[in-house]
Structures are given as structure tokens and as C-alpha cells.
$ cat run-v3.pdb   # PDB, C-alpha atoms, pLDDT in the B column
ATOM      1  CA  MET X 448      -8.179   3.437 -12.880  1.00 50.00           C
ATOM      2  CA  ALA X 449      -7.137   1.842 -16.160  1.00 64.00           C
ATOM      3  CA  HIS X 450      -3.694   2.796 -17.394  1.00 71.00           C
ATOM      4  CA  PRO X 451      -3.892   6.580 -17.793  1.00 73.00           C
ATOM      5  CA  PRO X 452      -2.484   8.576 -20.708  1.00 66.00           C
ATOM      6  CA  ASP X 453       1.302   8.989 -20.698  1.00 70.00           C
ATOM      7  CA  TYR X 454       1.117  12.690 -19.797  1.00 63.00           C
ATOM      8  CA  PHE X 455      -0.369  11.749 -16.383  1.00 69.00           C
ATOM      9  CA  TYR X 456       3.129  10.596 -15.379  1.00 71.00           C
ATOM     10  CA  ASN X 457       4.499  14.139 -15.689  1.00 81.00           C
ATOM     11  CA  GLN X 458       3.384  16.137 -12.688  1.00 89.00           C
ATOM     12  CA  ALA X 459       4.135  19.419 -10.965  1.00 94.00           C
ATOM     13  CA  ALA X 460       4.117  20.402  -7.310  1.00 95.00           C
ATOM     14  CA  ALA X 461       4.087  23.743  -5.572  1.00 96.00           C
ATOM     15  CA  LEU X 462       6.457  24.384  -2.687  1.00 97.00           C
ATOM     16  CA  PRO X 463       4.364  27.121  -1.047  1.00 97.00           C
ATOM     17  CA  LEU X 464       6.397  29.446   1.158  1.00 96.00           C
ATOM     18  CA  LEU X 465       4.882  32.092   3.391  1.00 94.00           C
ATOM     19  CA  GLU X 466       6.840  34.826   5.166  1.00 91.00           C
ATOM     20  CA  THR X 467       5.341  35.421   8.619  1.00 90.00           C
ATOM     21  CA  LYS X 468       6.374  37.423  11.679  1.00 90.00           C
ATOM     22  CA  ASP X 469       7.730  34.108  13.009  1.00 86.00           C
ATOM     23  CA  GLY X 470       9.850  33.499   9.897  1.00 89.00           C
ATOM     24  CA  LEU X 471       9.544  31.367   6.783  1.00 91.00           C
ATOM     25  CA  GLN X 472       6.751  28.795   6.828  1.00 94.00           C
ATOM     26  CA  ILE X 473       5.537  26.180   4.369  1.00 95.00           C
ATOM     27  CA  VAL X 474       1.957  25.295   3.484  1.00 96.00           C
ATOM     28  CA  ILE X 475       1.086  21.597   3.278  1.00 96.00           C
ATOM     29  CA  ILE X 476      -2.219  19.856   2.638  1.00 96.00           C
ATOM     30  CA  SER X 477      -3.887  16.620   3.639  1.00 95.00           C
ATOM     31  CA  THR X 478      -4.327  13.786   1.164  1.00 89.00           C
ATOM     32  CA  ARG X 479      -7.495  11.775   0.820  1.00 84.00           C
ATOM     33  CA  LYS X 480      -5.680   9.007   2.751  1.00 87.00           C
ATOM     34  CA  GLY X 481      -4.918  11.335   5.684  1.00 88.00           C
ATOM     35  CA  ASN X 482      -1.242  11.999   4.936  1.00 92.00           C
ATOM     36  CA  TRP X 483       0.372  15.436   4.499  1.00 96.00           C
ATOM     37  CA  THR X 484       1.810  16.527   1.169  1.00 93.00           C
ATOM     38  CA  LEU X 485       2.651  19.400  -1.142  1.00 95.00           C
ATOM     39  CA  PRO X 486      -0.064  20.499  -3.587  1.00 96.00           C
ATOM     40  CA  LYS X 487       0.652  18.594  -6.807  1.00 93.00           C
ATOM     41  CA  GLY X 488      -0.968  17.117  -9.847  1.00 90.00           C
ATOM     42  CA  VAL X 489      -0.839  16.273 -13.530  1.00 87.00           C
ATOM     43  CA  ILE X 490       0.592  18.781 -16.000  1.00 90.00           C
ATOM     44  CA  GLU X 491      -2.334  19.164 -18.380  1.00 89.00           C
ATOM     45  CA  PRO X 492      -1.555  19.427 -22.105  1.00 88.00           C
ATOM     46  CA  GLY X 493      -0.858  23.053 -22.985  1.00 88.00           C
ATOM     47  CA  ASP X 494       0.193  24.029 -19.433  1.00 90.00           C
ATOM     48  CA  SER X 495       3.777  24.692 -18.458  1.00 93.00           C
ATOM     49  CA  PRO X 496       4.972  22.835 -15.349  1.00 94.00           C
ATOM     50  CA  HIS X 497       5.050  25.996 -13.209  1.00 95.00           C
ATOM     51  CA  GLU X 498       1.524  26.938 -14.373  1.00 95.00           C
ATOM     52  CA  ALA X 499       0.324  23.458 -13.398  1.00 95.00           C
ATOM     53  CA  ALA X 500       1.948  23.841  -9.966  1.00 96.00           C
ATOM     54  CA  ALA X 501       0.228  27.210  -9.459  1.00 96.00           C
ATOM     55  CA  ASN X 502      -3.108  25.707 -10.470  1.00 95.00           C
ATOM     56  CA  GLU X 503      -2.705  22.803  -8.035  1.00 95.00           C
ATOM     57  CA  ALA X 504      -1.816  25.235  -5.219  1.00 97.00           C
ATOM     58  CA  TRP X 505      -5.059  27.098  -5.885  1.00 97.00           C
ATOM     59  CA  GLU X 506      -7.279  24.004  -6.356  1.00 96.00           C
ATOM     60  CA  GLU X 507      -5.933  21.912  -3.480  1.00 96.00           C
ATOM     61  CA  ALA X 508      -4.782  24.518  -0.948  1.00 96.00           C
ATOM     62  CA  GLY X 509      -6.466  27.817  -1.775  1.00 97.00           C
ATOM     63  CA  LEU X 510      -3.171  29.591  -2.394  1.00 97.00           C
ATOM     64  CA  GLU X 511      -2.298  32.488  -4.632  1.00 97.00           C
ATOM     65  CA  GLY X 512       1.165  33.868  -5.127  1.00 97.00           C
ATOM     66  CA  GLU X 513       4.259  34.224  -7.246  1.00 96.00           C
ATOM     67  CA  MET X 514       5.422  30.930  -8.747  1.00 95.00           C
ATOM     68  CA  GLU X 515       9.055  30.625  -9.786  1.00 95.00           C
ATOM     69  CA  GLN X 516       9.452  29.450 -13.357  1.00 95.00           C
ATOM     70  CA  LYS X 517      12.737  27.683 -12.618  1.00 96.00           C
ATOM     71  CA  GLU X 518      12.405  24.141 -11.313  1.00 94.00           C
ATOM     72  CA  PHE X 519      13.600  23.857  -7.706  1.00 95.00           C
ATOM     73  CA  THR X 520      13.948  20.052  -7.643  1.00 92.00           C
ATOM     74  CA  ARG X 521      12.104  16.898  -8.632  1.00 89.00           C
ATOM     75  CA  PHE X 522      11.178  13.526  -7.165  1.00 85.00           C
ATOM     76  CA  GLN X 523       9.471  10.350  -8.311  1.00 83.00           C
ATOM     77  CA  GLN X 524       6.444   8.454  -7.108  1.00 80.00           C
ATOM     78  CA  GLN X 525       4.999   5.083  -8.060  1.00 76.00           C
ATOM     79  CA  LYS X 526       1.387   5.491  -9.154  1.00 80.00           C
ATOM     80  CA  TRP X 527      -1.025   3.961 -11.678  1.00 71.00           C
ATOM     81  CA  GLY X 528       1.361   1.076 -12.340  1.00 73.00           C
ATOM     82  CA  GLY X 529       4.199   3.368 -13.417  1.00 73.00           C
ATOM     83  CA  THR X 530       6.623   6.047 -12.254  1.00 81.00           C
ATOM     84  CA  CYS X 531       5.509   9.660 -12.042  1.00 80.00           C
ATOM     85  CA  THR X 532       8.123  12.402 -12.196  1.00 86.00           C
ATOM     86  CA  ILE X 533       7.081  15.411 -10.115  1.00 89.00           C
ATOM     87  CA  ARG X 534       8.771  18.761 -10.802  1.00 94.00           C
ATOM     88  CA  VAL X 535       8.740  21.117  -7.830  1.00 95.00           C
ATOM     89  CA  TYR X 536       8.460  24.915  -8.073  1.00 96.00           C
ATOM     90  CA  LYS X 537       8.843  27.388  -5.229  1.00 96.00           C
ATOM     91  CA  MET X 538       5.868  29.652  -4.664  1.00 97.00           C
ATOM     92  CA  LYS X 539       5.882  32.880  -2.655  1.00 97.00           C
ATOM     93  CA  VAL X 540       2.391  32.788  -1.143  1.00 97.00           C
ATOM     94  CA  THR X 541       0.695  36.177  -1.194  1.00 97.00           C
ATOM     95  CA  LYS X 542      -2.844  35.107  -0.338  1.00 96.00           C
ATOM     96  CA  LEU X 543      -4.481  32.307   1.664  1.00 95.00           C
ATOM     97  CA  LEU X 544      -8.014  32.084   0.284  1.00 96.00           C
ATOM     98  CA  GLU X 545     -10.925  31.335   2.594  1.00 95.00           C
ATOM     99  CA  GLU X 546     -12.653  29.280  -0.108  1.00 95.00           C
ATOM    100  CA  TRP X 547     -11.121  27.017  -2.760  1.00 95.00           C
ATOM    101  CA  PRO X 548     -12.237  24.103  -4.966  1.00 96.00           C
ATOM    102  CA  GLU X 549     -11.031  21.212  -2.752  1.00 95.00           C
ATOM    103  CA  GLN X 550     -11.631  22.766   0.672  1.00 94.00           C
ATOM    104  CA  ASP X 551     -14.194  20.096   1.564  1.00 94.00           C
ATOM    105  CA  THR X 552     -11.741  17.229   0.965  1.00 93.00           C
ATOM    106  CA  ARG X 553      -8.410  18.708   2.122  1.00 94.00           C
ATOM    107  CA  LEU X 554      -7.046  20.388   5.202  1.00 94.00           C
ATOM    108  CA  ARG X 555      -4.316  23.032   5.012  1.00 96.00           C
ATOM    109  CA  LYS X 556      -1.526  23.703   7.537  1.00 95.00           C
ATOM    110  CA  THR X 557       1.041  26.471   7.648  1.00 95.00           C
ATOM    111  CA  LEU X 558       4.119  25.359   9.579  1.00 94.00           C
ATOM    112  CA  PRO X 559       7.815  26.038  10.059  1.00 93.00           C
ATOM    113  CA  ILE X 560       9.904  23.792   7.795  1.00 90.00           C
ATOM    114  CA  GLU X 561      11.075  21.669  10.747  1.00 91.00           C
ATOM    115  CA  GLU X 562       7.493  20.845  11.772  1.00 93.00           C
ATOM    116  CA  ALA X 563       6.435  20.179   8.168  1.00 92.00           C
ATOM    117  CA  LEU X 564       9.338  17.714   7.869  1.00 92.00           C
ATOM    118  CA  GLU X 565       7.812  15.662  10.697  1.00 92.00           C
ATOM    119  CA  LEU X 566       4.425  15.416   8.972  1.00 93.00           C
ATOM    120  CA  ILE X 567       5.040  15.302   5.220  1.00 90.00           C
ATOM    121  CA  VAL X 568       5.092  11.981   3.336  1.00 87.00           C
ATOM    122  CA  ASP X 569       8.532  10.348   3.250  1.00 86.00           C
ATOM    123  CA  ARG X 570       9.057  10.691  -0.511  1.00 85.00           C
ATOM    124  CA  GLN X 571       8.795  14.504  -0.162  1.00 85.00           C
ATOM    125  CA  LYS X 572      11.109  14.886   2.847  1.00 89.00           C
ATOM    126  CA  PRO X 573      14.178  15.378   0.572  1.00 86.00           C
ATOM    127  CA  VAL X 574      12.423  18.383  -1.018  1.00 88.00           C
ATOM    128  CA  LEU X 575      12.080  20.061   2.383  1.00 89.00           C
ATOM    129  CA  GLU X 576      15.609  19.046   3.379  1.00 89.00           C
ATOM    130  CA  GLN X 577      16.917  20.719   0.238  1.00 87.00           C
ATOM    131  CA  LEU X 578      14.839  23.829   0.986  1.00 85.00           C
ATOM    132  CA  ARG X 579      16.243  23.939   4.517  1.00 78.00           C
ATOM    133  CA  GLN X 580      19.780  23.996   3.115  1.00 74.00           C
ATOM    134  CA  TYR X 581      19.028  27.102   1.059  1.00 65.00           C
ATOM    135  CA  SER X 582      16.924  29.107   3.535  1.00 55.00           C
TER     136      SER X 582
END
$ encode --input "run-v3.pdb" --output "C-alpha cells"
Amino acid sequence: MAHPPDYFYNQAAALPLLETKDGLQIVIISTRKGNWTLPKGVIEPGDSPHEAAANEAWEEAGLEGEMEQKEFTRFQQQKWGGTCTIRVYKMKVTKLLEEWPEQDTRLRKTLPIEEALELIVDRQKPVLEQLRQYS
């Protein structure tokens, strides 16, 4: 990809949390490279960061729920020859859809935080560590 527009470097991620009979779990998704990650993507012009995070959770993971409007944390990632800043928003998952836009290219897992920590990409581990401190 040629150098993308500047707004591509501002992204939002959902931190999807699901209360189950076994306790709090997190939903992670596969990347196209086979890694595990949080649903995230570009904040499109006109969207707020938490709206973008909710949209990514739906598109990439088939999740619906209540997205917090307050930023939980943020991290950075090198991509497209620059540094992306990813704002993370907690999401209380209320529905796991059976069909969603990217279901043919992504897998979805619901796991306890400890298990998700073992699988998720290294740059996102601090997000889950921070969540673990507050849960």
C-alpha cells in the first residue's frame, strides 16, 4: 500500500469482555497472518473512537454490546511506514452473532484473560495485563 492518509494512523480497538458462568472472559480474533488480536481498525472520518471500536468488533468478531466511551488505554504499532496509535475501549459483550462480515477470514475465541495472554500478539499483552489488574 502506498502511504495512506494521515487518519489511518489513528485507530481504535475493542476490548470485548463477556461474563460467563465461569467468570470474566475476553474475545480475541485471528489475524490474516494467523496471530491472535483484539478487534481493531482505522477511525473513519466522522466516527468517534469508541464508535469505531464497536464497528470493528462487529465487522471482525461478530460482537454486539455496550462500548464504554472512556478510553481504557492505548498502545502503538508500526504499520504502513509509520506509527499507529490504537485507543482501546472496553466492551461488555451482549451478543455473539452467528454471522458477521469477516467470518470467512477470521476465527473468534472466547477465553479467560490468562489464556488470552498466552495467545495474543506481544504488543497487546500490556492491555490484558492492565485489565487483569482491574478485574
$ atom_distance --input "run-v3.pdb" --atom1 "CA of Gly509 (chain X)" --atom2 "CA of Thr530 (chain X)"
27.5 Å
$ resolve_selection --input "run-v3.pdb" --expression "the PyMOL selection byres ((chain X and resi 551-559) around 7)" --output "list in words"
Leu471, Gln472, Ile473, Val474, Ile475, Ile476, Ser477, Thr478, Arg479, Glu507, Ala508, Glu549, Gln550, Ile560, Glu561, Glu562 and Ala563 of chain X
$ closest_residue --input "run-v3.pdb" --among "X:Lys539, X:His450, X:Arg570, X:His497" --to "Gln523 (chain X)" --atoms "all atoms listed in the file"
X:Arg570
$ closest_atom_pairs --input "run-v3.pdb" --of "region 476-538 of chain X" --to "region 452-466 of chain X" --cutoff "8 Å" --atoms "all atoms listed in the file" --output "tab-separated table"
residue	atom	partner	partner_atom	distance
X:Leu485	CA	X:Ala461	CA	6.4
X:Pro486	CA	X:Ala460	CA	5.6
X:Lys487	CA	X:Ala460	CA	3.9
X:Gly488	CA	X:Gln458	CA	5.3
X:Val489	CA	X:Gln458	CA	4.3
X:Ile490	CA	X:Gln458	CA	5.1
X:Glu491	CA	X:Tyr454	CA	7.5
X:Pro492	CA	X:Tyr454	CA	7.6
X:Pro496	CA	X:Ala459	CA	5.6
X:His497	CA	X:Ala459	CA	7.0
X:Ala499	CA	X:Ala459	CA	6.1
X:Ala500	CA	X:Ala460	CA	4.9
X:Ala501	CA	X:Ala461	CA	6.5
X:Glu503	CA	X:Ala460	CA	7.3
X:Ala504	CA	X:Ala461	CA	6.1
X:Met514	CA	X:Ala461	CA	8.0
X:Gly529	CA	X:Tyr456	CA	7.6
X:Thr530	CA	X:Tyr456	CA	6.5
X:Cys531	CA	X:Tyr456	CA	4.2
X:Thr532	CA	X:Asn457	CA	5.3
X:Ile533	CA	X:Gln458	CA	4.6
X:Arg534	CA	X:Ala459	CA	4.7
X:Val535	CA	X:Ala460	CA	4.7
X:Tyr536	CA	X:Ala461	CA	5.2
X:Lys537	CA	X:Leu462	CA	4.6
X:Met538	CA	X:Pro463	CA	4.7
$ atom_distance --input "run-v3.pdb" --atom1 "CA of Glu511 (chain X)" --atom2 "CA of Glu545 (chain X)"
11.3 Å
$ atom_distance --input "run-v3.pdb" --atom1 "CA of Gly528 (chain X)" --atom2 "CA of Gly481 (chain X)"
21.7 Å
$ closest_residue --input "run-v3.pdb" --among "X:Lys468, X:Trp547, X:Asn482, X:Lys517" --to "Val568 (chain X)" --atoms "all atoms listed in the file"
X:Asn482
$ resolve_selection --input "run-v3.pdb" --expression "the PyMOL selection byres ((chain X and resi 573) around 12)" --output "PyMOL selection string"
chain X and resi 519-523+535+560+563-565+567-572+574-580
$ write_last_selection --input "run-v3.pdb" --atoms "C-alpha atoms" --output "compact mmCIF listing (two decimals), keeping the file's coordinate frame"
# COMPACT_ATOMS: atom_id res chain seq x y z
CA PHE X 519 13.60 23.86 -7.71
CA THR X 520 13.95 20.05 -7.64
CA ARG X 521 12.10 16.90 -8.63
CA PHE X 522 11.18 13.53 -7.16
CA GLN X 523 9.47 10.35 -8.31
CA VAL X 535 8.74 21.12 -7.83
CA ILE X 560 9.90 23.79 7.80
CA ALA X 563 6.44 20.18 8.17
CA LEU X 564 9.34 17.71 7.87
CA GLU X 565 7.81 15.66 10.70
CA ILE X 567 5.04 15.30 5.22
CA VAL X 568 5.09 11.98 3.34
CA ASP X 569 8.53 10.35 3.25
CA ARG X 570 9.06 10.69 -0.51
CA GLN X 571 8.80 14.50 -0.16
CA LYS X 572 11.11 14.89 2.85
CA VAL X 574 12.42 18.38 -1.02
CA LEU X 575 12.08 20.06 2.38
CA GLU X 576 15.61 19.05 3.38
CA GLN X 577 16.92 20.72 0.24
CA LEU X 578 14.84 23.83 0.99
CA ARG X 579 16.24 23.94 4.52
CA GLN X 580 19.78 24.00 3.12
